[in-house]
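The structure file run-v5.txt is reproduced below (compact mmCIF, C-alpha atoms).
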# COMPACT_ATOMS: atom_id res chain seq x y z
CA MET A 1 3.07 18.32 -8.75
CA LEU A 2 0.52 15.83 -7.56
CA ASP A 3 1.58 12.67 -5.83
CA LEU A 4 1.26 9.79 -8.30
CA ALA A 5 -1.38 8.02 -6.23
CA ASP A 6 -3.43 11.22 -6.04
CA GLU A 7 -3.03 11.82 -9.74
CA ILE A 8 -4.36 8.35 -10.54
CA ARG A 9 -7.30 8.98 -8.22
CA HIS A 10 -8.17 12.36 -9.67
CA ASN A 11 -7.18 11.90 -13.29
CA PRO A 12 -6.80 8.27 -14.30
CA ALA A 13 -5.70 9.05 -17.86
CA THR A 14 -2.70 11.19 -16.94
CA GLY A 15 -2.08 9.12 -13.83
CA ALA A 16 -1.86 5.93 -15.87
CA ARG A 17 0.52 7.57 -18.33
CA ARG A 18 2.75 8.67 -15.47
CA LEU A 19 2.56 5.27 -13.81
CA VAL A 20 3.65 3.61 -17.03
CA ALA A 21 6.40 6.14 -17.65
CA GLU A 22 7.87 5.83 -14.18
CA TYR A 23 7.38 2.18 -13.29
CA ARG A 24 6.66 0.05 -16.32
CA GLU A 25 10.22 -0.59 -17.47
CA ARG A 26 11.56 -1.70 -14.09
CA LEU A 27 8.46 -3.77 -13.33
CA TYR A 28 8.77 -5.49 -16.68
CA GLN A 29 12.42 -6.28 -16.05
CA VAL A 30 11.67 -7.73 -12.64
CA ALA A 31 8.80 -9.71 -14.17
CA TYR A 32 11.13 -10.99 -16.87
CA ARG A 33 13.71 -12.09 -14.32
CA LEU A 34 10.96 -14.02 -12.54
CA CYS A 35 9.03 -15.40 -15.53
CA LEU A 36 12.03 -15.87 -17.82
CA ASN A 37 10.03 -15.04 -20.93
CA ALA A 38 8.82 -11.78 -22.45
CA ALA A 39 5.18 -12.69 -23.04
CA ASP A 40 4.54 -13.70 -19.44
CA ALA A 41 6.54 -10.73 -18.20
CA GLU A 42 4.44 -8.29 -20.24
CA ASP A 43 1.24 -9.89 -19.10
CA LEU A 44 2.35 -9.82 -15.48
CA THR A 45 3.39 -6.20 -15.79
CA PHE A 46 0.06 -5.22 -17.30
CA ARG A 47 -1.94 -6.94 -14.59
CA THR A 48 0.23 -5.41 -11.89
CA LEU A 49 -0.28 -1.89 -13.23
CA GLN A 50 -3.97 -2.54 -13.78
CA ARG A 51 -4.44 -3.75 -10.22
CA ALA A 52 -2.45 -0.79 -8.93
CA ILE A 53 -4.85 1.59 -10.66
CA GLU A 54 -7.87 -0.34 -9.44
CA ARG A 55 -6.63 -0.46 -5.88
CA ILE A 56 -5.03 2.95 -5.69
CA GLY A 57 -7.54 3.86 -3.01
CA SER A 58 -6.09 1.24 -0.70
CA TYR A 59 -2.49 2.33 -1.18
CA ARG A 60 -0.98 3.67 2.02
CA PRO A 61 2.38 5.38 1.69
CA THR A 62 4.05 3.35 4.45
CA GLY A 63 6.65 1.82 2.17
CA SER A 64 7.82 2.84 -1.25
CA PHE A 65 5.38 2.79 -4.16
CA PHE A 66 7.69 0.34 -5.89
CA GLN A 67 7.42 -2.06 -2.96
CA TRP A 68 3.64 -1.90 -3.17
CA LEU A 69 3.81 -2.69 -6.88
CA TYR A 70 6.18 -5.57 -6.24
CA THR A 71 3.80 -7.03 -3.70
CA ILE A 72 1.04 -7.01 -6.31
CA LEU A 73 3.36 -8.49 -8.90
CA VAL A 74 4.52 -11.28 -6.59
CA ASN A 75 0.95 -12.17 -5.68
CA PHE A 76 -0.06 -12.42 -9.33
CA ARG A 77 3.01 -14.48 -10.09
CA ARG A 78 2.24 -16.92 -7.31
CA MET A 79 -1.34 -17.23 -8.48
CA ASP A 80 -0.10 -18.03 -11.97
CA LEU A 81 2.28 -20.65 -10.64
CA ARG A 82 -0.45 -22.27 -8.63
CA ARG A 83 -2.71 -22.37 -11.68
CA LYS A 84 0.06 -24.03 -13.60
CA GLY A 85 0.36 -26.58 -10.83
CA ALA A 86 3.79 -25.51 -9.67
CA ASN A 87 5.18 -27.51 -6.80
CA MET A 88 4.06 -25.82 -3.62
CA LEU A 89 7.21 -27.04 -1.92
CA ASP A 90 8.76 -24.09 -3.68
CA PHE A 91 6.92 -21.83 -1.30
CA THR A 92 7.89 -23.50 1.94
CA ASP A 93 10.96 -23.37 4.08
CA ASP A 94 11.04 -27.09 4.67
CA LEU A 95 14.19 -27.56 2.67
CA PRO A 96 17.21 -28.84 4.57
CA ASP A 97 19.99 -26.55 5.72
CA ALA A 98 23.05 -26.04 3.60
CA PRO A 99 25.76 -28.65 4.05
CA ALA A 100 28.93 -27.64 5.83
CA ASP A 101 31.14 -28.52 2.88
CA ALA A 102 29.66 -25.87 0.60
CA PRO A 103 32.00 -24.44 -2.01
CA ASP A 104 33.74 -21.28 -0.96
CA ALA A 105 32.00 -18.22 -2.29
CA ALA A 106 35.26 -16.44 -2.97
CA GLU A 107 36.40 -19.22 -5.24
CA THR A 108 33.32 -19.31 -7.38
CA LEU A 109 30.87 -16.48 -7.78
CA ALA A 110 33.17 -13.53 -7.48
CA ALA A 111 35.61 -15.19 -9.82
CA VAL A 112 32.98 -15.63 -12.50
CA GLU A 113 33.13 -12.63 -14.75
CA ASP A 114 30.69 -14.11 -17.21
CA ALA A 115 27.47 -12.27 -16.35
CA ALA A 116 25.50 -14.52 -18.68
CA ALA A 117 26.65 -17.58 -16.72
CA VAL A 118 25.57 -15.98 -13.45
CA ARG A 119 22.18 -15.07 -14.93
CA ALA A 120 21.76 -18.57 -16.26
CA ALA A 121 22.48 -19.95 -12.80
CA VAL A 122 19.93 -17.56 -11.27
CA ALA A 123 17.40 -18.51 -13.94
CA ALA A 124 17.89 -22.17 -13.07
CA LEU A 125 16.93 -21.60 -9.45
CA PRO A 126 13.52 -22.64 -8.16
CA GLU A 127 11.25 -19.61 -8.09
CA VAL A 128 11.20 -19.46 -4.29
CA PHE A 129 14.91 -18.74 -4.37
CA ARG A 130 14.97 -16.79 -7.59
CA GLU A 131 12.51 -14.22 -6.30
CA VAL A 132 14.67 -13.33 -3.29
CA VAL A 133 17.76 -13.17 -5.50
CA VAL A 134 16.00 -10.89 -7.98
CA PHE A 135 14.74 -8.54 -5.31
CA ARG A 136 18.05 -8.56 -3.47
CA TYR A 137 20.51 -8.22 -6.33
CA PHE A 138 18.44 -6.80 -9.18
CA GLU A 139 16.26 -4.45 -7.19
CA ASP A 140 18.79 -3.94 -4.39
CA LEU A 141 16.11 -4.25 -1.73
CA THR A 142 17.18 -4.90 1.84
CA VAL A 143 16.20 -8.07 3.68
CA PRO A 144 13.36 -6.34 5.61
CA GLU A 145 12.02 -4.84 2.38
CA ILE A 146 12.06 -8.21 0.65
CA ALA A 147 10.31 -9.75 3.64
CA GLN A 148 7.59 -7.12 3.34
CA VAL A 149 7.13 -7.65 -0.38
CA LEU A 150 7.02 -11.43 -0.10
CA GLY A 151 5.04 -11.47 3.12
CA VAL A 152 7.49 -13.76 4.91
CA PRO A 153 9.70 -13.30 8.00
CA GLU A 154 13.12 -11.75 7.58
CA GLY A 155 14.68 -14.99 8.75
CA SER A 156 13.08 -16.81 5.84
CA VAL A 157 14.45 -14.27 3.40
CA LYS A 158 17.96 -14.68 4.80
CA SER A 159 17.65 -18.42 4.76
CA ARG A 160 16.45 -18.45 1.16
CA LEU A 161 19.18 -16.05 0.11
CA GLY A 162 21.83 -18.24 1.68
CA ARG A 163 20.51 -21.35 0.01
CA ALA A 164 20.08 -19.60 -3.31
CA LYS A 165 23.67 -18.43 -3.28
CA LEU A 166 24.84 -21.89 -2.37
CA ARG A 167 23.07 -23.35 -5.38
CA ILE A 168 24.43 -20.64 -7.63
CA ARG A 169 27.94 -21.34 -6.39
CA ASN A 170 27.46 -25.03 -6.97
CA MET A 171 26.22 -24.45 -10.49
CA LEU A 172 28.99 -22.04 -11.36
CA SER A 173 31.67 -24.26 -9.93
CA GLY A 174 30.25 -27.17 -11.88
CA THR A 175 29.35 -29.07 -8.76
CA ILE A 176 25.76 -29.34 -9.96
CA GLY A 177 24.08 -28.62 -13.26
CA PRO A 178 21.15 -26.22 -13.72
CA ALA A 179 18.65 -29.09 -13.65
CA ASP A 180 20.02 -30.20 -10.31
CA ALA A 181 19.45 -26.79 -8.79
CA PHE A 182 15.86 -27.87 -8.23
CA LYS A 183 16.88 -30.85 -6.17
CA GLN A 184 17.79 -30.94 -2.52
CA ASP A 185 19.38 -27.77 -1.34
CA GLY A 186 23.10 -27.61 -1.97
CA THR A 187 23.55 -31.35 -1.99
CA LYS A 188 25.29 -33.07 -4.81
CA PRO A 189 23.00 -34.99 -7.11
CA MET B 1 30.02 -11.82 19.46
CA ASN B 2 30.87 -15.26 18.20
CA CYS B 3 31.36 -16.28 14.57
CA GLN B 4 27.77 -17.44 14.10
CA GLU B 5 26.35 -14.17 15.38
CA VAL B 6 28.68 -12.13 13.22
CA GLN B 7 27.98 -14.16 10.10
CA ALA B 8 24.24 -13.75 10.61
CA LEU B 9 24.72 -10.01 10.16
CA VAL B 10 26.49 -10.12 6.84
CA GLU B 11 23.53 -8.84 4.78
CA GLU B 12 22.99 -5.95 7.19
CA ALA B 13 26.70 -5.16 7.02
CA ILE B 14 26.63 -5.10 3.23
CA ASP B 15 23.66 -2.73 3.34
CA ASN B 16 25.39 -0.64 5.99
CA ARG B 17 22.38 -1.05 8.25
CA LEU B 18 24.21 -2.03 11.41
CA SER B 19 23.90 0.18 14.44
CA GLU B 20 27.13 1.83 15.54
CA PRO B 21 27.64 -0.41 18.62
CA CYS B 22 26.90 -3.51 16.53
CA LYS B 23 29.18 -2.35 13.76
CA ARG B 24 31.99 -1.87 16.27
CA LYS B 25 31.52 -5.39 17.61
CA VAL B 26 31.49 -6.91 14.13
CA THR B 27 34.56 -4.94 13.11
CA GLN B 28 36.40 -6.02 16.24
CA HIS B 29 35.49 -9.64 15.63
CA ILE B 30 36.54 -9.57 11.99
CA ALA B 31 39.85 -8.00 12.93
CA ARG B 32 40.80 -11.04 14.99
CA CYS B 33 38.92 -13.80 13.09
CA ALA B 34 40.41 -14.79 9.76
CA SER B 35 37.56 -17.03 8.68
CA CYS B 36 34.88 -14.38 9.30
CA LYS B 37 37.02 -11.80 7.57
CA ALA B 38 37.29 -14.05 4.52
CA LEU B 39 33.60 -14.75 4.58
CA PHE B 40 32.67 -11.08 4.72
CA ALA B 41 35.02 -10.31 1.84
CA ALA B 42 33.61 -13.20 -0.17
CA GLU B 43 30.03 -12.16 0.52
CA LYS B 44 30.74 -8.62 -0.61
CA SER B 45 32.35 -9.84 -3.82
CA GLU B 46 29.49 -12.21 -4.39
CA HIS B 47 26.95 -9.46 -3.82
CA ALA B 48 28.75 -7.26 -6.34
CA ALA B 49 28.99 -10.07 -8.89
CA LEU B 50 25.30 -10.91 -8.64
CA PHE B 51 24.30 -7.26 -8.74
CA ARG B 52 26.44 -6.69 -11.83
CA ALA B 53 25.19 -9.78 -13.61
CA LEU B 54 21.49 -9.23 -12.96
CA ASN B 55 21.56 -5.53 -13.72
CA ASP B 56 22.99 -6.18 -17.13
CA VAL B 57 19.64 -6.22 -18.88
CA SER B 58 20.99 -6.86 -22.36
CA ASP B 59 19.34 -10.28 -22.29
CA ILE B 60 15.87 -8.82 -21.67
CA PRO B 61 13.93 -8.09 -24.87
CA PRO B 62 12.04 -4.79 -24.91
CA PRO B 63 8.29 -4.96 -24.33
CA THR B 64 6.19 -5.10 -27.46
CA ILE B 65 3.55 -2.57 -26.38
CA SER B 66 4.46 1.12 -26.42
CA PRO B 67 4.01 3.12 -23.21
CA GLN B 68 1.24 5.23 -24.77
CA VAL B 69 -0.76 2.22 -25.90
CA LEU B 70 -0.23 0.52 -22.57
CA ALA B 71 -1.49 3.55 -20.64
CA THR B 72 -4.59 3.77 -22.84
CA ARG B 73 -5.31 0.08 -22.40
CA LEU B 74 -4.87 0.36 -18.68
CA VAL B 75 -7.38 3.18 -18.34
CA LYS B 76 -9.88 1.37 -20.56
CA SER B 77 -9.44 -1.79 -18.57
CA VAL B 78 -10.52 -0.11 -15.34
CA PRO B 79 -14.00 1.22 -16.15
CA ALA B 80 -14.90 1.76 -12.51
CA LEU B 81 -12.06 4.22 -12.19
CA THR B 82 -13.02 6.05 -15.36
CA LYS B 83 -16.50 6.64 -13.94
CA LYS B 84 -14.95 8.11 -10.84
CA ALA B 85 -12.87 10.62 -12.78
CA GLY B 86 -13.04 14.02 -11.13
CA HIS B 87 -14.69 12.73 -8.00
CA VAL B 88 -13.16 12.67 -4.60
CA THR B 89 -12.30 9.40 -2.94
CA VAL B 90 -13.96 9.41 0.45
CA PRO B 91 -11.35 8.85 3.14
CA LEU B 92 -11.85 6.17 5.75
CA TRP B 93 -12.21 8.60 8.66
CA LEU B 94 -15.03 10.32 6.82
CA LYS B 95 -16.85 7.05 6.22
CA ARG B 96 -16.56 6.22 9.91
CA ALA B 97 -17.79 9.69 10.83
CA ALA B 98 -20.72 9.18 8.51
CA VAL B 99 -21.73 5.93 10.15
CA LEU B 100 -21.37 7.46 13.60
CA ALA B 101 -23.35 10.49 12.59
CA ILE B 102 -26.17 8.43 11.15
CA LEU B 103 -26.36 6.46 14.38
CA CYS B 104 -26.31 9.64 16.45
CA GLY B 105 -28.87 11.22 14.18
CA GLY B 106 -31.16 8.24 14.53
CA ALA B 107 -30.85 8.27 18.30
CA ALA B 108 -31.44 12.00 18.48
CA LEU B 109 -34.41 11.74 16.19
CA ALA B 110 -35.90 9.08 18.39
CA ALA B 111 -35.30 11.30 21.41
CA TRP B 112 -36.85 14.23 19.62
CA ILE B 113 -39.94 12.27 18.73
CA GLY B 114 -40.17 11.11 22.32
CA THR B 115 -39.85 14.57 23.79
CA THR B 116 -42.29 15.97 21.27
CA MET B 117 -44.86 13.44 22.31
CA GLU B 118 -44.23 14.22 25.96
CA SER B 119 -44.40 17.91 25.28
CA ARG B 120 -47.72 17.59 23.50
CA GLN B 121 -49.07 15.59 26.34
CA ALA B 122 -47.89 18.13 28.83
CA GLY B 123 -49.14 20.99 26.67
CA GLY B 124 -45.83 22.75 27.07
CA ASP B 125 -44.26 24.86 24.43
CA MET B 126 -40.73 25.29 25.55
CA GLU B 127 -37.85 24.95 23.21
CA ASN B 128 -34.21 24.81 23.84
CA ARG B 129 -31.94 25.04 20.90
CA HIS B 130 -28.54 23.55 21.02
CA LEU B 131 -25.66 24.77 19.00
CA GLY B 132 -21.98 24.16 19.51
CA GLY B 133 -22.55 22.78 22.97
CA GLU B 134 -24.50 25.80 24.18
CA THR B 135 -28.08 25.69 25.31
CA ILE B 136 -30.00 28.67 24.09
CA PRO B 137 -33.53 29.21 25.33
CA SER B 138 -35.88 30.51 22.66
CA ALA B 139 -39.53 31.04 23.32
CA PRO B 140 -40.23 32.54 26.71
CA THR B 141 -42.53 29.75 27.58
CA SER B 142 -41.98 26.99 30.05
CA THR B 143 -43.31 23.67 31.10
CA PRO B 144 -45.79 23.53 33.88
CA GLU B 145 -42.94 22.58 36.15
CA GLY B 146 -40.89 25.51 34.92
CA GLU B 147 -38.09 23.20 33.72
CA PRO B 148 -36.67 23.57 30.21
CA GLN B 149 -37.15 20.67 27.85
CA VAL B 150 -35.00 19.61 24.99
CA LYS B 151 -37.21 19.68 21.98
CA ARG B 152 -36.68 19.18 18.27
CA THR B 153 -32.96 18.85 18.55
CA LEU B 154 -31.26 16.84 15.92
CA LEU B 155 -27.59 16.08 15.93
CA VAL B 156 -26.29 16.00 12.45
CA ALA B 157 -22.80 15.44 11.30
CA SER B 158 -22.77 17.37 8.10
CA THR B 159 -20.31 15.02 6.48
CA ALA B 160 -22.69 12.12 6.70
CA MET B 161 -25.50 14.04 5.14
CA MET B 162 -23.29 15.29 2.40
CA LEU B 163 -22.29 11.78 1.57
CA ALA B 164 -25.85 10.63 1.44
CA THR B 165 -26.98 12.96 -1.31
CA PRO B 166 -25.71 13.14 -4.88
CA PRO B 167 -24.25 16.36 -6.22
CA THR B 168 -26.71 18.80 -7.68
CA GLN B 169 -24.81 21.98 -8.21
CA GLY B 170 -21.53 23.42 -9.46
CA ALA B 171 -18.41 23.48 -7.36
CA SER B 172 -17.88 27.12 -6.54
CA SER B 173 -21.46 28.01 -5.73
CA ALA B 174 -21.83 24.81 -3.78
CA GLU B 175 -18.77 25.53 -1.75
CA ALA B 176 -19.90 29.08 -1.09
CA THR B 177 -23.30 27.82 -0.07
CA PHE B 178 -21.74 25.32 2.23
CA ASP B 179 -19.44 27.87 3.85
CA SER B 180 -22.23 30.33 4.46
CA PHE B 181 -24.51 27.57 5.63
CA SER B 182 -21.87 26.22 7.98
CA SER B 183 -21.18 29.70 9.28
CA GLU B 184 -24.87 30.35 9.76
CA CYS B 185 -25.23 27.17 11.71
CA ARG B 186 -22.44 28.18 14.02
CA THR B 187 -23.53 31.72 14.57
CA SER B 188 -27.27 31.68 14.40
CA VAL B 189 -29.55 29.76 16.60
CA GLU B 190 -31.78 27.91 14.25
CA VAL B 191 -32.28 26.61 10.81
CA GLY B 192 -35.61 25.46 9.51
CA ALA B 193 -35.85 21.89 8.36
CA ASP B 194 -36.86 22.88 4.86
CA THR B 195 -34.04 25.37 4.67
CA PHE B 196 -31.59 22.85 5.91
CA LEU B 197 -32.68 20.18 3.50
CA SER B 198 -32.81 22.51 0.53
CA ARG B 199 -29.39 23.95 1.28
CA PHE B 200 -27.98 20.65 2.21
CA ARG B 201 -28.72 19.29 -1.20
CA THR B 202 -26.89 22.12 -2.81
CA ILE B 203 -23.69 21.72 -0.89
CA VAL B 204 -22.91 18.23 -2.06
CA ASP B 205 -20.16 18.52 -4.55
CA SER B 206 -16.81 16.87 -4.88
CA ASP B 207 -14.80 20.08 -4.68
CA ALA B 208 -16.81 21.34 -1.76
CA LEU B 209 -16.35 18.00 -0.10
CA ALA B 210 -12.61 18.21 -0.68
CA ALA B 211 -12.58 21.68 0.86
CA PHE B 212 -14.63 20.39 3.71
CA ASN B 213 -12.29 17.43 4.19
CA SER B 214 -9.30 19.70 4.51
CA LYS B 215 -10.99 21.47 7.40
CA LYS B 216 -11.92 18.21 9.10
CA PRO B 217 -14.68 19.63 11.29
CA GLN B 218 -16.15 17.50 14.00
CA GLY B 219 -19.70 18.18 12.90
CA PHE B 220 -22.18 20.57 14.42
CA ILE B 221 -25.62 20.63 15.90
CA ILE B 222 -28.53 21.87 13.90
CA VAL B 223 -31.90 22.68 15.32
CA ILE B 224 -34.74 21.76 13.04
CA HIS B 225 -38.20 23.24 13.34

Re-express the file's structure as structure tokens.
Amino acid sequence: MLDLADEIRHNPATGARRLVAEYRERLYQVAYRLCLNAADAEDLTFRTLQRAIERIGSYRPTGSFFQWLYTILVNFRRMDLRRKGANMLDFTDDLPDAPADAPDAAETLAAVEDAAAVRAAVAALPEVFREVVVFRYFEDLTVPEIAQVLGVPEGSVKSRLGRAKLRIRNMLSGTIGPADAFKQDGTKP
Amino acid sequence: MNCQEVQALVEEAIDNRLSEPCKRKVTQHIARCASCKALFAAEKSEHAALFRALNDVSDIPPPTISPQVLATRLVKSVPALTKKAGHVTVPLWLKRAAVLAILCGGAALAAWIGTTMESRQAGGDMENRHLGGETIPSAPTSTPEGEPQVKRTLLVASTAMMLATPPTQGASSAEATFDSFSSECRTSVEVGADTFLSRFRTIVDSDALAAFNSKKPQGFIIVIH
């Protein structure tokens, strides 16, 4: 059986069908977790797959094919956010460190059995944190893999993960509301 | 290892990506540090809770477009790719070889023109034909000085020439032509320019190129009369 990349190169019709069959569903779900609505997620998925077909010649099998697709998806997503005028602070690491009196993780997140509440807390995160959470906990990527997909240092990924979890804990423990998750990192409003 | 160093490795520990020596150090530290032990346990629980919550996709509505329709739209949306259907993507090394070969060919051609002019001026009629690094004298003539001259030698990387001309013939015959042509170039001494050009045009074909790629030859020297 041909490698998927080769199949797309040699026979775009069957290659595209295989690409959709193997990757569309997961890509769409990741896109949904990032965009938080179905229409944007479908559009993002389509453009990601389209770009993958267009650029299949530049694909080098150094990482997984999924990682390559995620990189495309993330780039499109960031472009969309910029067009919408999203706050570019979301893409920097200039946020302050977590305070020392953060709620204990064991007392909050693990104790919350309500998956919907956890998802709501993740959805309330700024995108810069939500993307690392999605790739870490939805896609189960490692820190180095996330760093590669996002094009940032591993230290930034760890830092963002830590801050994201802190905000989630705060939201779940009722320390801050979802709207406050966008404010200063981990601090009480 | 102190607490800060150990806590910085919590993600690696969850992924089981710690090296054995590092893992031993972390384990030893956790065994005697209650706060780090609690933190590791909490992080693992948290990881599991987030993983569970996010991987419950019941909140995600299914996409509206069917996979078949999506695939069709994708192919239609990339017309450039559709045009390329059945053709071989030229690998980077081949493109570089082509550029190099064109440069070499140009230089050799210039040298050939130069030596031809000199030869005419000298009235000599000596030819040396180069193939595969060997110098093969042809006509039993010599320059007035009795020294052999390099004449009408053109270095051609076949890949470059193949790239430069569009396909004109079917795959199997083209490949066969190429193989015999390539073999002839390696075993015989000379190929006429017309022969070369006529055959060369017939060997350009995607399948033949793919076969050629798999062999990855370094190119060869062709003598043109």

inquiry  = For a quick test of understanding: name the residues of chain B lying within 8 Å of chain A when counting all atoms listed in the file, and present them as a PyMOL selection string.
reply    = chain B and resi 11-12+15+39+41-43+45-57+60-61+63+67-68+70-72+74-75+77-78+80-82+85-89

Distance of CA of Pro62 (chain B) from CA of Pro79 (chain B), expressed in Å to one decimal place =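 Distance between the two atoms: 28.1 Å.
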
query = In Å to one decimal, how far is CA of Asn170 (chain A) from CA of Gln4 (chain B)?
reply =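 We find that CA of Gln4 (chain B) and CA of Asn170 (chain A) lie 22.4 Å from each other.
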
For CA of Leu27 (chain A) and CA of Leu166 (chain A), the interatomic separation in Å (one decimal) =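 Straight-line distance from CA of Leu27 (chain A) to CA of Leu166 (chain A) works out to 26.8 Å.
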
Proximity to Lys23 (chain B) - best of B:Cys3, B:Leu109, B:Leu94, B:Leu9, all atoms listed in the file = B:Leu9

inquiry  = Between A:Met171, A:Leu150, A:Cys35, A:Val132, which residue has the minimum interatomic distance to Trp68 (chain A), considering only C-alpha atoms?
reply    = A:Leu150
